[in-house]
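Peer 1: Can you keep this structure in mind? I'll have questions shortly.
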Amino acid sequence: MNAPVEGVDARTDRVTQSTVGVVLLAAFVFGFAWAVPAFVLILGVSALAGPRANALNYVFERWIAPRIPRRFSRADPGVVEPPIPYGTVRAQDALGAVVLLAASFAFALGVGVAGWLLTVAEAVAAIVAATTRLHVADRLRRAK
């Protein structure tokens with residue numbers, strides 16, 4: 001029998017990744033460059049201290065998750081989606097923090113086009129992770 005995998009609830013990861021993606025895309029559309037360093041902090045803390053230190057995860061798990069029913073798998077309606085392993089979440093947060101840190105430096109150096117390209121790339125990676133459970137950083141980590 002397989003031991004249960006410790007990880008983050010799949011709903012929590014999806015909400016966190018979709019929030020990162022949507023807010024970064026909104027920052028791009030409305031020109032809010034200050035949102036990029038804010039997410040460097042949020043994702044950086046999570047990458048260093050673990051997913052439990054992520055403010056977005058905390059808000060969802062504390063106030064929202066208890067009020068909504070768990071989503072069951074389409075293949076087997078009696079089975080809850082498996083959790084996302086901590087290593088996968090930390091790798092995704094680390095990649096996001098690094099990409100957004102580079103974008104922040106690009107903004108500080110006056111190269112806004114490069115900063116926005118990096119920001120949109122991270123937003124797309126976060127939205128892909130939220131919708132497909134395919135974490136780009138985890139794929140890169142496993143490709144070594």
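Here, A, B, ... name the chains of the structure tokens in the order displayed, residue numbers run from 1 inside each chain, and ligands are numbered from 1 in the same displayed order.
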A:Ala106: which residues within 12 Å, counting only C-alpha atoms, same-chain residues fewer than 2 positions away excluded, as a PyMOL selection string?
Peer 2: chain A and resi 33+36-37+99-104+108-119
Peer 1: For A:Leu24, find every residue with an atom within 8 Å (counting only C-alpha atoms), except residues of its own chain fewer than 4 positions away, and show them as a PyMOL selection string.
Peer 2: chain A and resi 20+28+35-36+119-120+123
Peer 1: Between A:Arg90, A:Ala125, A:Val80, A:Phe39, which has the minimum distance to A:Ala27 (counting only C-alpha atoms)?
Peer 2: A:Phe39
Peer 1: Among stretch 37-140 of chain A, which ones does DSSP place in strand (DSSP E or B), written as number ranges by chain?
Peer 2: A: 72, 80, 84-85
Peer 1: Set the distance at 6 Å and use only C-alpha atoms: which residues neighbour stretch 84-88 of chain A once local chain neighbours fewer than 4 positions away are removed? I'd like the list as a list of chain:residue names.
Peer 2: A:Gly7, A:Val8, A:Ala10, A:Asp138
Peer 1: Using Å and a single decimal, report how far atom CA of A:Ala65 sits from atom CA of A:Arg139.
Peer 2: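 These two atoms are separated by 27.8 Å.
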Peer 1: Can you list, as a list of chain:residue names, every protein, DNA or RNA residue that comes within 10 Å of A:Thr131 when you count only C-alpha atoms, leaving out same-chain residues fewer than 5 positions away?
Peer 2: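 Residues near the query, excluding close chain neighbours: A:Arg14, A:Val15, A:Gln17, A:Ser18, A:Ala126.
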Peer 1: Might you pull out every residue within 7 Å of stretch 44-49 of chain A, with only C-alpha atoms counted and same-chain residues fewer than 5 positions away left off, and present them as a PyMOL selection string?
Peer 2: chain A and resi 54+90-91+93-94+97
Peer 1: Output N, CA and C atoms of each residue in that selection to a file, as a CSV table (one decimal), in the first residue's frame.
Peer 2:
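That gives us selection_38.csv:
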chain,number,residue,atom,x,y,z
A,54,ASN,N,3.0,30.9,2.8
A,54,ASN,CA,2.4,31.7,1.7
A,54,ASN,C,1.1,32.4,2.2
A,90,ARG,N,6.9,24.4,-3.8
A,90,ARG,CA,8.1,25.2,-3.5
A,90,ARG,C,8.9,25.6,-4.8
A,91,ALA,N,9.1,24.6,-5.7
A,91,ALA,CA,9.8,24.8,-6.9
A,91,ALA,C,9.1,25.9,-7.8
A,93,ASP,N,7.0,28.2,-6.7
A,93,ASP,CA,7.1,29.5,-6.1
A,93,ASP,C,8.5,30.1,-6.2
A,94,ALA,N,9.5,29.2,-6.2
A,94,ALA,CA,10.9,29.7,-6.4
A,94,ALA,C,11.1,30.2,-7.8
A,97,ALA,N,9.4,33.6,-8.1
A,97,ALA,CA,10.1,34.6,-7.4
A,97,ALA,C,11.3,35.1,-8.1
Peer 1: Write out as a list in words each polymer residue whose atoms come within 9 Å of A:Thr16, counting only C-alpha atoms; drop sequence neighbours fewer than 4 positions from it.
Peer 2: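 With the cut-off at 9 Å, the set is Arg11, Thr12, Val20, Gly21, Asn54, Leu56, Asn57, Phe60, Ala126 and Ala130 of chain A.
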Peer 1: Tell me, which residues of stretch 23-86 of chain A carry DSSP alpha helix (DSSP H), written as number ranges by chain?
Peer 2: A: 23-30, 35-49, 55-59, 86
Peer 1: Atom CA of A:Ala121 and atom CA of A:Arg141 are how many Å apart?
Peer 2: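 Going from atom CA of A:Ala121 over to atom CA of A:Arg141 covers 18.0 Å.
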Peer 1: Pick out the residues sitting within 8 Å of A:Val136, and hand them over as a PyMOL selection string; count only C-alpha atoms, and ignore anything fewer than 4 positions along from it in its own chain.
Peer 2: chain A and resi 92+125+129+140
